[in-house]
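The file data.pdb comes next; it holds PDB, C-alpha atoms.
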ATOM      1  CA  MET H 177      10.834  12.297 -10.727  1.00  0.00           C
ATOM      2  CA  SER H 178       7.893  13.604 -12.672  1.00  0.00           C
ATOM      3  CA  SER H 179       4.587  14.645 -11.207  1.00  0.00           C
ATOM      4  CA  LYS H 180       2.790  11.779 -12.949  1.00  0.00           C
ATOM      5  CA  THR H 181       5.139   9.222 -11.377  1.00  0.00           C
ATOM      6  CA  ARG H 182       4.624  10.725  -7.931  1.00  0.00           C
ATOM      7  CA  SER H 183       0.868  10.602  -8.352  1.00  0.00           C
ATOM      8  CA  THR H 184       1.046   6.974  -9.447  1.00  0.00           C
ATOM      9  CA  LEU H 185       3.162   6.033  -6.429  1.00  0.00           C
ATOM     10  CA  LYS H 186       0.718   7.782  -4.097  1.00  0.00           C
ATOM     11  CA  ILE H 187      -2.225   5.953  -5.661  1.00  0.00           C
ATOM     12  CA  VAL H 188      -0.453   2.590  -5.303  1.00  0.00           C
ATOM     13  CA  SER H 189       0.316   3.418  -1.678  1.00  0.00           C
ATOM     14  CA  ILE H 190      -3.321   4.268  -0.961  1.00  0.00           C
ATOM     15  CA  ILE H 191      -4.509   1.073  -2.662  1.00  0.00           C
ATOM     16  CA  LEU H 192      -2.117  -0.986  -0.524  1.00  0.00           C
ATOM     17  CA  ILE H 193      -3.361   0.634   2.690  1.00  0.00           C
ATOM     18  CA  VAL H 194      -6.992   0.077   1.703  1.00  0.00           C
ATOM     19  CA  LEU H 195      -6.164  -3.559   0.909  1.00  0.00           C
ATOM     20  CA  TRP H 196      -4.492  -3.908   4.308  1.00  0.00           C
ATOM     21  CA  ALA H 197      -7.466  -2.370   6.112  1.00  0.00           C
ATOM     22  CA  LEU H 198      -9.953  -4.625   4.337  1.00  0.00           C
ATOM     23  CA  MET H 199      -7.817  -7.674   5.100  1.00  0.00           C
ATOM     24  CA  ALA H 200      -7.502  -6.650   8.754  1.00  0.00           C
ATOM     25  CA  LYS H 201     -11.300  -6.382   9.041  1.00  0.00           C
ATOM     26  CA  ALA H 202     -11.675  -9.755   7.239  1.00  0.00           C
ATOM     27  CA  ILE H 203     -13.813  -8.190   4.512  1.00  0.00           C
ATOM     28  CA  ILE H 204     -11.348  -9.419   1.895  1.00  0.00           C
ATOM     29  CA  VAL H 205      -9.531 -12.677   2.559  1.00  0.00           C
ATOM     30  CA  VAL H 206      -6.391 -13.331   0.540  1.00  0.00           C
ATOM     31  CA  PRO H 207      -4.715 -16.291   2.268  1.00  0.00           C
ATOM     32  CA  MET H 208      -1.534 -15.886   0.256  1.00  0.00           C
ATOM     33  CA  LEU H 209      -1.002 -12.301   1.520  1.00  0.00           C
ATOM     34  CA  GLY H 210      -1.974 -12.946   5.145  1.00  0.00           C
ATOM     35  CA  PRO H 211       1.564 -13.483   6.452  1.00  0.00           C
ATOM     36  CA  TYR H 212       2.767 -10.335   4.669  1.00  0.00           C
ATOM     37  CA  MET H 213       0.275  -7.816   6.067  1.00  0.00           C
ATOM     38  CA  PHE H 214       3.018  -6.029   8.038  1.00  0.00           C
ATOM     39  CA  TRP H 215       5.168  -5.701   4.924  1.00  0.00           C
ATOM     40  CA  ILE H 216       2.258  -4.319   2.906  1.00  0.00           C
ATOM     41  CA  VAL H 217       2.099  -1.386   5.333  1.00  0.00           C
ATOM     42  CA  ILE H 218       5.889  -0.900   5.266  1.00  0.00           C
ATOM     43  CA  ILE H 219       5.996  -0.899   1.455  1.00  0.00           C
ATOM     44  CA  SER H 220       3.112   1.554   1.333  1.00  0.00           C
ATOM     45  CA  PHE H 221       4.861   3.885   3.767  1.00  0.00           C
ATOM     46  CA  ILE H 222       8.113   3.726   1.780  1.00  0.00           C
ATOM     47  CA  LEU H 223       6.254   4.501  -1.458  1.00  0.00           C
ATOM     48  CA  LEU H 224       4.633   7.490   0.210  1.00  0.00           C
ATOM     49  CA  LEU H 225       8.016   8.742   1.451  1.00  0.00           C
ATOM     50  CA  VAL H 226       9.621   8.345  -1.968  1.00  0.00           C
ATOM     51  CA  SER H 227       6.773  10.130  -3.715  1.00  0.00           C
ATOM     52  CA  SER H 228       6.798  13.058  -1.289  1.00  0.00           C
ATOM     53  CA  ARG H 229      10.366  14.093  -2.084  1.00  0.00           C
TER      54      ARG H 229
END
Give the structure from the file, written as structure tokens.
Amino acid sequence: MSSKTRSTLKIVSIILIVLWALMAKAIIVVPMLGPYMFWIVIISFILLLVSSR
């Protein structure tokens, strides 16, 4: 995996965590993603693990 791909995966992971945090604080309300907040964190963690290898 190239360095550019790893950087992209890390950026996507950070964006997902920021989205989750803003949704948890009710600053951003996306009703469609509400039930999937747990999975947003899991996907972000998996992306971070994949990009760290």
Could you list, as a CSV table (one decimal) with C-alpha atoms, in the coordinates of the input, every residue within 9 Å of Arg229 of chain H, counting all atoms listed in the file and ignoring same-chain residues fewer than 4 positions away?
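What landed in result.csv:
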chain,number,residue,atom,x,y,z
H,177,MET,CA,10.8,12.3,-10.7
H,182,ARG,CA,4.6,10.7,-7.9
H,225,LEU,CA,8.0,8.7,1.5
Q: In the coordinates of the file, take the point (6.6, 5.1, -3.5) and a cut-off of 8 Å; then, counting all atoms listed in the file, name each qualifying protein, DNA or RNA residue as a list in words.
A: Arg182, Leu185, Lys186, Val188, Ser189, Ile219, Ser220, Phe221, Ile222, Leu223, Leu224, Leu225, Val226 and Ser227 of chain H
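The interatomic distance for the pair atom CA of Ile193 of chain H and atom CA of Ser179 of chain H works out to 21.3 Å.
Rounded to one decimal, atom CA of Val194 of chain H and atom CA of Ser228 of chain H lie 19.2 Å from each other.
Computed from the coordinates, the atom CA of Thr181 of chain H to atom CA of Met208 of chain H distance equals 28.5 Å.
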Q | Expected selection from the PyMOL selection byres ((chain H and resi 196) around 12), given as a PyMOL selection string | A | chain H and resi 189-195+197-206+209-220
